[in-house]
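Asker: To be precise about what I am sending: the file is called entry-v5.pdb and holds PDB, C-alpha atoms, pLDDT in the B column.
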MODEL        1
ATOM      1  CA  MET L 122       0.000   0.000   0.000  1.00 82.00           C
ATOM      2  CA  GLU L 123       1.392   3.384  -1.023  1.00 89.00           C
ATOM      3  CA  PRO L 124       1.331   6.330   1.368  1.00 89.00           C
ATOM      4  CA  MET L 125      -1.573   8.707   0.803  1.00 89.00           C
ATOM      5  CA  ARG L 126      -0.597  12.176  -0.344  1.00 93.00           C
ATOM      6  CA  LYS L 127      -1.997  15.273   1.339  1.00 93.00           C
ATOM      7  CA  SER L 128      -4.057  16.171  -1.728  1.00 94.00           C
ATOM      8  CA  GLU L 129      -5.623  12.692  -1.795  1.00 96.00           C
ATOM      9  CA  LEU L 130      -6.459  12.835   1.899  1.00 94.00           C
ATOM     10  CA  ALA L 131      -7.894  16.345   1.554  1.00 96.00           C
ATOM     11  CA  THR L 132     -10.081  15.197  -1.350  1.00 96.00           C
ATOM     12  CA  ARG L 133     -11.457  12.276   0.659  1.00 96.00           C
ATOM     13  CA  LEU L 134     -12.040  14.438   3.715  1.00 95.00           C
ATOM     14  CA  ALA L 135     -13.794  17.070   1.598  1.00 97.00           C
ATOM     15  CA  LYS L 136     -16.173  14.510   0.118  1.00 97.00           C
ATOM     16  CA  GLN L 137     -17.016  13.025   3.521  1.00 96.00           C
ATOM     17  CA  ALA L 138     -17.472  16.400   5.226  1.00 96.00           C
ATOM     18  CA  GLY L 139     -19.239  18.120   2.339  1.00 97.00           C
ATOM     19  CA  VAL L 140     -16.706  20.952   2.110  1.00 97.00           C
ATOM     20  CA  SER L 141     -14.305  22.155  -0.572  1.00 97.00           C
ATOM     21  CA  THR L 142     -10.966  20.409  -1.050  1.00 97.00           C
ATOM     22  CA  ALA L 143      -9.216  23.674  -0.123  1.00 97.00           C
ATOM     23  CA  GLU L 144     -11.134  23.896   3.162  1.00 97.00           C
ATOM     24  CA  ALA L 145     -10.367  20.265   3.961  1.00 97.00           C
ATOM     25  CA  ALA L 146      -6.664  20.873   3.210  1.00 96.00           C
ATOM     26  CA  ASP L 147      -6.673  23.909   5.530  1.00 97.00           C
ATOM     27  CA  GLN L 148      -8.254  21.842   8.308  1.00 95.00           C
ATOM     28  CA  LEU L 149      -5.713  19.079   7.744  1.00 94.00           C
ATOM     29  CA  ASP L 150      -2.880  21.626   8.006  1.00 96.00           C
ATOM     30  CA  HIS L 151      -4.370  22.883  11.272  1.00 96.00           C
ATOM     31  CA  VAL L 152      -4.576  19.379  12.769  1.00 94.00           C
ATOM     32  CA  VAL L 153      -0.991  18.570  11.764  1.00 94.00           C
ATOM     33  CA  SER L 154       0.214  21.902  13.211  1.00 96.00           C
ATOM     34  CA  GLN L 155      -1.524  21.141  16.512  1.00 95.00           C
ATOM     35  CA  ILE L 156       0.015  17.661  16.653  1.00 95.00           C
ATOM     36  CA  ILE L 157       3.496  19.078  16.031  1.00 95.00           C
ATOM     37  CA  ALA L 158       2.982  21.835  18.626  1.00 96.00           C
ATOM     38  CA  ASN L 159       1.965  19.263  21.256  1.00 95.00           C
ATOM     39  CA  LEU L 160       4.938  17.039  20.471  1.00 96.00           C
ATOM     40  CA  LYS L 161       7.367  19.973  20.666  1.00 95.00           C
ATOM     41  CA  LYS L 162       5.978  20.747  24.140  1.00 96.00           C
ATOM     42  CA  GLY L 163       6.594  17.146  25.183  1.00 96.00           C
ATOM     43  CA  HIS L 164       2.892  16.206  25.161  1.00 96.00           C
ATOM     44  CA  SER L 165       1.272  13.317  23.328  1.00 96.00           C
ATOM     45  CA  ALA L 166      -1.319  14.003  20.633  1.00 96.00           C
ATOM     46  CA  LYS L 167      -4.301  11.659  20.442  1.00 93.00           C
ATOM     47  CA  LEU L 168      -6.224  10.727  17.313  1.00 91.00           C
ATOM     48  CA  PRO L 169      -9.410   9.123  18.662  1.00 89.00           C
ATOM     49  CA  GLY L 170     -10.048   5.714  17.168  1.00 89.00           C
ATOM     50  CA  LEU L 171      -6.537   5.503  15.703  1.00 91.00           C
ATOM     51  CA  GLY L 172      -3.949   5.985  18.422  1.00 94.00           C
ATOM     52  CA  LYS L 173      -1.568   8.696  19.549  1.00 95.00           C
ATOM     53  CA  PHE L 174       1.694  10.389  18.673  1.00 95.00           C
ATOM     54  CA  MET L 175       4.245  10.150  21.462  1.00 96.00           C
ATOM     55  CA  PRO L 176       6.968  12.733  22.136  1.00 95.00           C
ATOM     56  CA  GLY L 177      10.628  11.890  22.552  1.00 92.00           C
ATOM     57  CA  PRO L 178      13.897  12.114  20.644  1.00 91.00           C
ATOM     58  CA  LYS L 179      12.019  10.558  17.730  1.00 93.00           C
ATOM     59  CA  TRP L 180       8.268  11.045  17.550  1.00 93.00           C
ATOM     60  CA  ILE L 181       6.408   7.770  17.266  1.00 94.00           C
ATOM     61  CA  PHE L 182       2.824   6.810  16.546  1.00 94.00           C
ATOM     62  CA  GLN L 183       1.252   4.193  18.788  1.00 93.00           C
ATOM     63  CA  PHE L 184      -1.799   2.552  17.227  1.00 92.00           C
ATOM     64  CA  ASP L 185      -4.877   1.906  19.353  1.00 89.00           C
ATOM     65  CA  PRO L 186      -5.173  -1.901  19.422  1.00 86.00           C
ATOM     66  CA  HIS L 187      -8.955  -1.585  19.743  1.00 82.00           C
ATOM     67  CA  GLY L 188      -9.298   0.767  16.786  1.00 73.00           C
ATOM     68  CA  GLY L 189     -11.723   3.008  18.654  1.00 60.00           C
ATOM     69  CA  LYS L 190     -14.157   0.173  19.298  1.00 62.00           C
ATOM     70  CA  GLY L 191     -15.378   0.090  22.857  1.00 53.00           C
ATOM     71  CA  ALA L 192     -16.988   2.011  25.659  1.00 46.00           C
ATOM     72  CA  GLY L 193     -15.056   5.245  25.126  1.00 49.00           C
ATOM     73  CA  ARG L 194     -16.044   5.686  21.495  1.00 46.00           C
ATOM     74  CA  ARG L 195     -18.284   8.606  20.617  1.00 48.00           C
ATOM     75  CA  GLY L 196     -20.135   9.569  17.469  1.00 46.00           C
ATOM     76  CA  LYS L 197     -22.467   7.824  15.050  1.00 45.00           C
ATOM     77  CA  ARG L 198     -23.104   4.142  15.526  1.00 36.00           C
TER      78      ARG L 198
ENDMDL
END
I need this file expressed as structure tokens, please.
Answerer:
Amino acid sequence: MEPMRKSELATRLAKQAGVSTAEAADQLDHVVSQIIANLKKGHSAKLPGLGKFMPGPKWIFQFDPHGGKGAGRRGKR
């Protein structure tokens, strides 16, 4: 599986959210900026249902083994 490019992700997000690709790309930039800011401060950054980025000498992503399935999950069912 090839990595997804930002433009591809923005297009998918735009379709799902019903917004323009440009707006989705701006929101994606904002999320990435917030993740980086948290990591630079030494804080983890959670992505609900996916896992979390962990700070350290090398930032790592720790996948949620439950994939967001369980009692703590919110949203549409």
Asker: Could you write out as a list in words the residues that the PyMOL selection byres ((chain L and resi 174) around 10) matches in the shown file?
Answerer: Ile156, Ile157, Asn159, Leu160, His164, Ser165, Ala166, Lys167, Leu168, Gly172, Lys173, Met175, Pro176, Gly177, Trp180, Ile181, Phe182, Gln183 and Phe184 of chain L
Asker: Create the file for the chosen residues now, containing C-alpha atoms and written as a PDB file, keeping the file's coordinate frame.
Answerer:
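Saved as part_18.pdb:
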ATOM      1  CA  ILE L 156       0.015  17.661  16.653  1.00 95.00           C
ATOM      2  CA  ILE L 157       3.496  19.078  16.031  1.00 95.00           C
ATOM      3  CA  ASN L 159       1.965  19.263  21.256  1.00 95.00           C
ATOM      4  CA  LEU L 160       4.938  17.039  20.471  1.00 96.00           C
ATOM      5  CA  HIS L 164       2.892  16.206  25.161  1.00 96.00           C
ATOM      6  CA  SER L 165       1.272  13.317  23.328  1.00 96.00           C
ATOM      7  CA  ALA L 166      -1.319  14.003  20.633  1.00 96.00           C
ATOM      8  CA  LYS L 167      -4.301  11.659  20.442  1.00 93.00           C
ATOM      9  CA  LEU L 168      -6.224  10.727  17.313  1.00 91.00           C
ATOM     10  CA  GLY L 172      -3.949   5.985  18.422  1.00 94.00           C
ATOM     11  CA  LYS L 173      -1.568   8.696  19.549  1.00 95.00           C
ATOM     12  CA  MET L 175       4.245  10.150  21.462  1.00 96.00           C
ATOM     13  CA  PRO L 176       6.968  12.733  22.136  1.00 95.00           C
ATOM     14  CA  GLY L 177      10.628  11.890  22.552  1.00 92.00           C
ATOM     15  CA  TRP L 180       8.268  11.045  17.550  1.00 93.00           C
ATOM     16  CA  ILE L 181       6.408   7.770  17.266  1.00 94.00           C
ATOM     17  CA  PHE L 182       2.824   6.810  16.546  1.00 94.00           C
ATOM     18  CA  GLN L 183       1.252   4.193  18.788  1.00 93.00           C
ATOM     19  CA  PHE L 184      -1.799   2.552  17.227  1.00 92.00           C
TER      20      PHE L 184
END
Asker: Kindly give the distance, in Å, that separates CA of Asp150 (chain L) and CA of Leu130 (chain L), rounded to a single decimal.
Answerer: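 Going from CA of Asp150 (chain L) over to CA of Leu130 (chain L), I get 11.3 Å.
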Asker: Starting from the shown file, work through the PyMOL selection byres ((chain L and resi 143) around 12) and note down what comes out as a PyMOL selection string.
Answerer: chain L and resi 127-136+139-142+144-150
Asker: When you draw a straight line from CA of Val152 (chain L) to CA of Lys179 (chain L), how long is it in Å?
Answerer: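 Interatomic distance here is 19.4 Å.
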Asker: Considering all atoms listed in the file, state which residue in the set L:Ala158, L:Arg126, L:Gln137, L:Pro186 is at the smallest distance from Gly170 (chain L).
Answerer: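 Once distances to Gly170 (chain L) are computed over all atoms listed in the file, the minimum belongs to L:Pro186.
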